[in-house]
Every structure is written in structure tokens, then in C-alpha cells.
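Asker: Take a look at the following structure, please.
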Amino acid sequence: MPNPALIIFDFDGTVALGDGPVLAYARAAAAASGDPDRFLARVDDGLRGRPSGAGAPLDAYDVIRLVAEDAGVGAEALSRAYLDSRALLGTDLAPVEAPVGLAAVAERLPAECVLVTNAPATRVAETLDALGLGDAFARIVTDAGKPAGLERLLDAPEVRDRRVLAVGDIWRNDLEPAHRRGHDTALVGPWTDAAASPTFHADTLTELLPRIEAWAAASAP
């Protein structure tokens with residue numbers, strides 16, 4: 001029997017929603033700057049503005065990177081700030097929530113669901129459990145190094161001939177490698193990319209769940 005279709009989900013901004021982790025990262029990075037209040041104000045402006053075009057941030061985390069570069073926060077200090085913030089993931093200091101309906105849909109999908117994230121493993125499993133998604137994914141890949149890491153996964157012999165749907169909020173990291181190989185893609189969230197040409201697109205994953213279910217049903221072996 002052919003292998004089941006594969007749905008590859010991103011984590012931050014796709015499965016784990018909310019500004020909690022981003023704000024925890026911003027606070028940690030601001031503490032390493034010379035003017036924390038100004039740093040946080042500039043992050044807030046960046047998150048509200050959501051600029052697009054050349055040089056625009058990829059997502060909310062990239063807003064912090066750009067503000068940090070301009071504020072003179074070095075790469076090592078920024079990396080420490082990020083890791084410190086991940087230790088708070090899913091707590092009251094960095095709260096997240098799951099897309100409405102995802103747990104129920106994931107349970108009945110006739111496809112293999114995997115989670116692939118560039119984030120470290122720190123508190124990912126615990127957060128998924130707290131969100132009711134502890135059993136939603138057959139495999140969890142952390143520190144994936146997307147987009148290159150996603151390309152390697154898609155080119156693996158056990159994946160190469162399967163139908164794939166990639167779901168995420170950053171076109172070039174989460175979706176473009178799949179699109180380039182002829183697979184389907186679902187782009188979620190407000191961050192735009194002029195190069196994006198997804199199969200499906202909506203502001204929230206909840207809005208896309210009926211399409212994902214229909215895709216999985218049509219792709220079942």
C-alpha cells in the first residue's frame with residue numbers, strides 16, 4: 001500500500017499562537033540593549049506596522065532581530081536572549097494557544113502529520129501537551145534549519161514520492177522548498193512575502209482546516 005500523504009506543520013505562528021513568546025524574547029533582548037524602553041517601543045512599532053517588501057522582517061521574531069541589530073545588540077547576546085525566552089515557552093510569561101479546532105482535525109486526518117521547527121526542543125513537547133496536541137504529530141523535528149532542513153526532509157527517499165502539504169507562516173522557510181518540488185502549500189498569518197504563491201492562504205490556521213481536511217481526504221492512498 002502506498003505511504004499516506006504527509007502534512008508538515010510549522011510550530012511558532014502556525015500551531016503555537018500568540019505574542020507571548022515573541023514578547024518574552026523582546027524583553028530578554030531589550031535587557032541586553034542600552035535603552036530597554038526604546039528597544040521595546042521600536043519592537044512594538046515593528047509588530048504593529050508589518051512592513052513588506054525588500055528588507056522587511058520575515059515575521060515577528062525577525063522584527064526583534066532587526067531592532068537588535070540597529071540597537072547594537074550583538075549576535076551572541078541576541079542568541080542568549082532567544083534561548084532564555086524559550087525556557088519560558090508555554091508559561092504565564094510566554095503564553096501560547098492552539099488554533100481552534102486543530103486538535104480534533106489532526107486526530108481524524110487520513111495523513112501523517114509531522115512538526116518541523118527551527119526552534120530548539122526546549123519546552124516544545126510540554127507546550128504541545130498543554131495545548132492538547134501532544135498526540136497530534138507522528139514526529140517532531142526541532143532545530144530544523146529551514147529552509148535547508150526542510151529541503152533535506154523533502155528529498156529523503158521515504159518522502160520523495162509522497163503527496164505533501166506544507167503548512168506555515170513564513171513562505172521562504174516553511175513553504176517555498178515544498179512549492180518548488182511541486183507540492184501543495186498552506187500559508188497562514190498576516191506576514192506577507194511578494195514571492196509567495198501558496199495553494200491555500202488564510203489569516204488563521206482555523207480558517208484553513210476545512211481545506212486541509214479536504215486535501216488529506218483527496219490525497220489518501
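Naming scheme: A, B, ... for chains in displayed order of the C-alpha cells; residues 1 onward per chain; ligands 1 onward as shown.
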With only C-alpha atoms as the counted atoms, please give the residues lying no more than 8 Å from region 83-95 of chain A, apart from itself and same-chain residues fewer than 5 positions off, as a PyMOL selection string.
Answerer: chain A and resi 18-25+28+120+122-124+126-127+130
Asker: Using only C-alpha atoms, which of the listed residues (A:Asn3, A:Glu158, A:Glu213, A:Glu151) sits closest to Ala106 (chain A)?
Answerer: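 Comparing A:Asn3, A:Glu158, A:Glu213, A:Glu151 against Ala106 (chain A), the winner is A:Glu213.
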Asker: Please run DSSP on the backbone and report, as a short mmCIF file (atom, residue, chain, number, x, y, z; two decimals) with all heavy atoms, in the first residue's frame, all residues within region 34-221 of chain A that come out as strand (DSSP E or B).
Answerer:
```cif
data_model
loop_
_atom_site.label_atom_id
_atom_site.label_comp_id
_atom_site.auth_asym_id
_atom_site.auth_seq_id
_atom_site.Cartn_x
_atom_site.Cartn_y
_atom_site.Cartn_z
N GLU A 97 -1.47 29.70 22.53
CA GLU A 97 -2.71 28.96 22.40
C GLU A 97 -2.71 28.23 21.07
O GLU A 97 -1.98 28.61 20.14
CB GLU A 97 -3.91 29.89 22.50
CG GLU A 97 -3.94 30.99 21.46
CD GLU A 97 -5.09 31.96 21.67
OE1 GLU A 97 -5.66 31.98 22.77
OE2 GLU A 97 -5.41 32.70 20.72
N ALA A 111 -3.77 11.26 7.12
CA ALA A 111 -2.44 11.64 6.66
C ALA A 111 -1.50 11.61 7.85
O ALA A 111 -1.94 11.68 9.00
CB ALA A 111 -2.46 13.03 6.03
N GLU A 112 -0.21 11.50 7.57
CA GLU A 112 0.79 11.57 8.63
C GLU A 112 1.14 13.03 8.85
O GLU A 112 1.48 13.76 7.92
CB GLU A 112 2.05 10.80 8.24
CG GLU A 112 3.13 10.85 9.31
CD GLU A 112 4.42 10.17 8.88
OE1 GLU A 112 4.47 9.63 7.76
OE2 GLU A 112 5.38 10.18 9.69
N CYS A 113 1.03 13.48 10.10
CA CYS A 113 1.34 14.86 10.44
C CYS A 113 2.67 14.92 11.18
O CYS A 113 2.88 14.16 12.14
CB CYS A 113 0.24 15.47 11.32
SG CYS A 113 -1.38 15.57 10.53
N VAL A 114 3.56 15.79 10.74
CA VAL A 114 4.83 15.99 11.42
C VAL A 114 5.00 17.47 11.72
O VAL A 114 4.43 18.33 11.03
CB VAL A 114 6.03 15.47 10.60
CG1 VAL A 114 5.89 13.98 10.33
CG2 VAL A 114 6.18 16.24 9.31
N LEU A 115 5.76 17.76 12.76
CA LEU A 115 6.04 19.13 13.16
C LEU A 115 7.51 19.40 12.88
O LEU A 115 8.38 18.65 13.35
CB LEU A 115 5.74 19.33 14.64
CG LEU A 115 5.81 20.75 15.18
CD1 LEU A 115 4.60 21.55 14.72
CD2 LEU A 115 5.89 20.77 16.70
N VAL A 116 7.79 20.44 12.12
CA VAL A 116 9.18 20.78 11.77
C VAL A 116 9.40 22.24 12.11
O VAL A 116 8.75 23.13 11.54
CB VAL A 116 9.46 20.51 10.28
CG1 VAL A 116 10.91 20.87 9.94
CG2 VAL A 116 9.18 19.06 9.92
N ARG A 139 5.89 12.76 14.35
CA ARG A 139 7.30 13.07 14.56
C ARG A 139 7.45 14.55 14.77
O ARG A 139 6.72 15.36 14.19
CB ARG A 139 8.11 12.61 13.35
CG ARG A 139 9.62 12.79 13.48
CD ARG A 139 10.38 11.86 12.53
NE ARG A 139 10.03 12.03 11.15
CZ ARG A 139 10.86 12.56 10.23
NH1 ARG A 139 12.07 12.96 10.58
NH2 ARG A 139 10.48 12.65 8.97
N ILE A 140 8.41 14.92 15.61
CA ILE A 140 8.72 16.33 15.88
C ILE A 140 10.20 16.55 15.56
O ILE A 140 11.07 15.87 16.12
CB ILE A 140 8.43 16.71 17.34
CG1 ILE A 140 6.94 16.53 17.64
CG2 ILE A 140 8.87 18.14 17.62
CD1 ILE A 140 6.60 16.71 19.12
N VAL A 141 10.46 17.47 14.66
CA VAL A 141 11.83 17.82 14.28
C VAL A 141 12.11 19.23 14.76
O VAL A 141 11.47 20.19 14.30
CB VAL A 141 12.04 17.72 12.76
CG1 VAL A 141 13.48 18.06 12.39
CG2 VAL A 141 11.67 16.34 12.23
N VAL A 164 2.56 15.81 -0.43
CA VAL A 164 2.96 16.61 0.73
C VAL A 164 2.19 17.93 0.72
O VAL A 164 2.00 18.55 -0.33
CB VAL A 164 4.48 16.89 0.70
CG1 VAL A 164 4.87 17.85 1.83
CG2 VAL A 164 5.27 15.60 0.81
N LEU A 165 1.76 18.32 1.90
CA LEU A 165 1.22 19.66 2.13
C LEU A 165 2.05 20.30 3.23
O LEU A 165 2.14 19.77 4.34
CB LEU A 165 -0.25 19.61 2.56
CG LEU A 165 -0.88 20.95 2.96
CD1 LEU A 165 -0.94 21.90 1.77
CD2 LEU A 165 -2.28 20.73 3.55
N ALA A 166 2.69 21.43 2.92
CA ALA A 166 3.47 22.16 3.92
C ALA A 166 2.64 23.32 4.44
O ALA A 166 2.04 24.07 3.66
CB ALA A 166 4.77 22.69 3.31
N VAL A 167 2.59 23.46 5.76
CA VAL A 167 1.75 24.47 6.41
C VAL A 167 2.63 25.34 7.29
O VAL A 167 3.33 24.83 8.18
CB VAL A 167 0.65 23.81 7.26
CG1 VAL A 167 -0.28 24.87 7.83
CG2 VAL A 167 -0.13 22.78 6.47
N GLY A 168 2.62 26.65 7.07
CA GLY A 168 3.45 27.52 7.89
C GLY A 168 3.15 28.99 7.64
O GLY A 168 2.33 29.34 6.79
N ASP A 184 1.94 20.89 -2.46
CA ASP A 184 0.98 21.90 -2.07
C ASP A 184 1.44 22.63 -0.81
O ASP A 184 2.19 22.07 0.00
CB ASP A 184 -0.39 21.27 -1.85
CG ASP A 184 -1.00 20.75 -3.15
OD1 ASP A 184 -0.98 21.50 -4.14
OD2 ASP A 184 -1.46 19.60 -3.18
N THR A 185 0.95 23.85 -0.64
CA THR A 185 1.36 24.67 0.49
C THR A 185 0.18 25.44 1.05
O THR A 185 -0.75 25.79 0.31
CB THR A 185 2.46 25.68 0.09
OG1 THR A 185 1.97 26.50 -0.98
CG2 THR A 185 3.73 24.96 -0.36
N ALA A 186 0.22 25.70 2.35
CA ALA A 186 -0.82 26.49 3.02
C ALA A 186 -0.13 27.55 3.86
O ALA A 186 0.57 27.23 4.82
CB ALA A 186 -1.69 25.59 3.89
N LEU A 187 -0.33 28.80 3.49
CA LEU A 187 0.28 29.93 4.17
C LEU A 187 -0.71 30.53 5.15
O LEU A 187 -1.83 30.88 4.77
CB LEU A 187 0.73 30.98 3.14
CG LEU A 187 1.38 32.25 3.67
CD1 LEU A 187 2.68 31.94 4.39
CD2 LEU A 187 1.64 33.23 2.52
N VAL A 188 -0.29 30.69 6.40
CA VAL A 188 -1.17 31.25 7.42
C VAL A 188 -0.54 32.50 8.03
O VAL A 188 0.68 32.64 8.06
CB VAL A 188 -1.48 30.23 8.53
CG1 VAL A 188 -2.17 29.01 7.97
CG2 VAL A 188 -0.21 29.81 9.27
N PHE A 200 -3.06 27.38 -0.66
CA PHE A 200 -4.11 27.92 0.21
C PHE A 200 -3.52 29.05 1.04
O PHE A 200 -2.33 29.04 1.36
CB PHE A 200 -4.65 26.84 1.17
CG PHE A 200 -5.00 25.54 0.52
CD1 PHE A 200 -4.36 24.36 0.90
CD2 PHE A 200 -5.97 25.47 -0.47
CE1 PHE A 200 -4.68 23.15 0.31
CE2 PHE A 200 -6.30 24.27 -1.07
CZ PHE A 200 -5.65 23.11 -0.68
N HIS A 201 -4.35 30.01 1.42
CA HIS A 201 -3.88 31.09 2.28
C HIS A 201 -5.05 31.62 3.11
O HIS A 201 -6.16 31.77 2.60
CB HIS A 201 -3.29 32.24 1.46
CG HIS A 201 -2.91 33.42 2.31
ND1 HIS A 201 -3.42 34.69 2.12
CD2 HIS A 201 -2.08 33.50 3.37
CE1 HIS A 201 -2.91 35.51 3.04
NE2 HIS A 201 -2.09 34.81 3.80
N ALA A 202 -4.79 31.87 4.39
CA ALA A 202 -5.77 32.50 5.27
C ALA A 202 -5.03 33.13 6.43
O ALA A 202 -3.86 32.82 6.69
CB ALA A 202 -6.79 31.48 5.78
#
```
Asker: State, in Å with one decimal place, the distance from CA of Arg27 (chain A) to CA of Ala119 (chain A).
Answerer: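 We find that CA of Arg27 (chain A) and CA of Ala119 (chain A) lie 18.0 Å from each other.
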Asker: Go through A:Asp10, A:Asp59, A:Asp174, A:Asp143 one by one, measure the shortest atom-to-atom distance of each to Thr192 (chain A) using only C-alpha atoms, and give the residue with the smallest value.
Answerer: A:Asp59
Asker: With distances taken over only C-alpha atoms, which residue among A:Val159, A:Ala196, A:Ala98, A:Leu153 lies nearest Gly134 (chain A)?
Answerer: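 Among the listed residues, the smallest separation from Gly134 (chain A) belongs to A:Ala98.
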Asker: Between A:Gly149, A:Ala32, A:Val96, A:Leu209, which has the minimum distance to Glu69 (chain A) (counting only C-alpha atoms)?
Answerer: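 Nearest to Glu69 (chain A): A:Ala32.
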Asker: Point out the residue among A:Leu175, A:Leu47, A:Ala30, A:Ala41 with the least atom-to-atom distance to Arg80 (chain A), counting only C-alpha atoms.
Answerer: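 When distances to Arg80 (chain A) are compared using only C-alpha atoms, the smallest one comes from A:Ala30.
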Asker: Can you tell me how far CA of Ser79 (chain A) sits from CA of Arg65 (chain A), in Å to one decimal?
Answerer: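 It comes out at 9.8 Å.
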Asker: Taking only C-alpha atoms into account, name the residue in A:Ala217, A:Leu102, A:Ile7, A:Val15 that is nearest to Thr117 (chain A).
Answerer: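 Among A:Ala217, A:Leu102, A:Ile7, A:Val15, it is A:Val15 that comes nearest to Thr117 (chain A).
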Asker: Run DSSP on the backbone of this structure and report the residues of region 94-215 of chain A it assigns to helix (DSSP H, G or I), as a PyMOL selection string.
Answerer: chain A and resi 102-108+124-130+148-155+157-160+171-180+205-215
Asker: Which residues are close to Gly49 (chain A), i.e. within 12 Å by only C-alpha atoms, leaving aside same-chain residues fewer than 6 positions away? Reply as a PyMOL selection string.
Answerer: chain A and resi 42-43+56-57+59-60+63+190-191
Asker: CA of Pro147 (chain A) and CA of Asn173 (chain A), how far apart in Å?
Answerer: 4.4 Å
Asker: So which residues touch Arg38 (chain A) within 12 Å, counting only C-alpha atoms, skipping near sequence neighbours fewer than 6 positions away, as a PyMOL selection string?
Answerer: chain A and resi 26-27+29-31+44-45+67-68+70-71
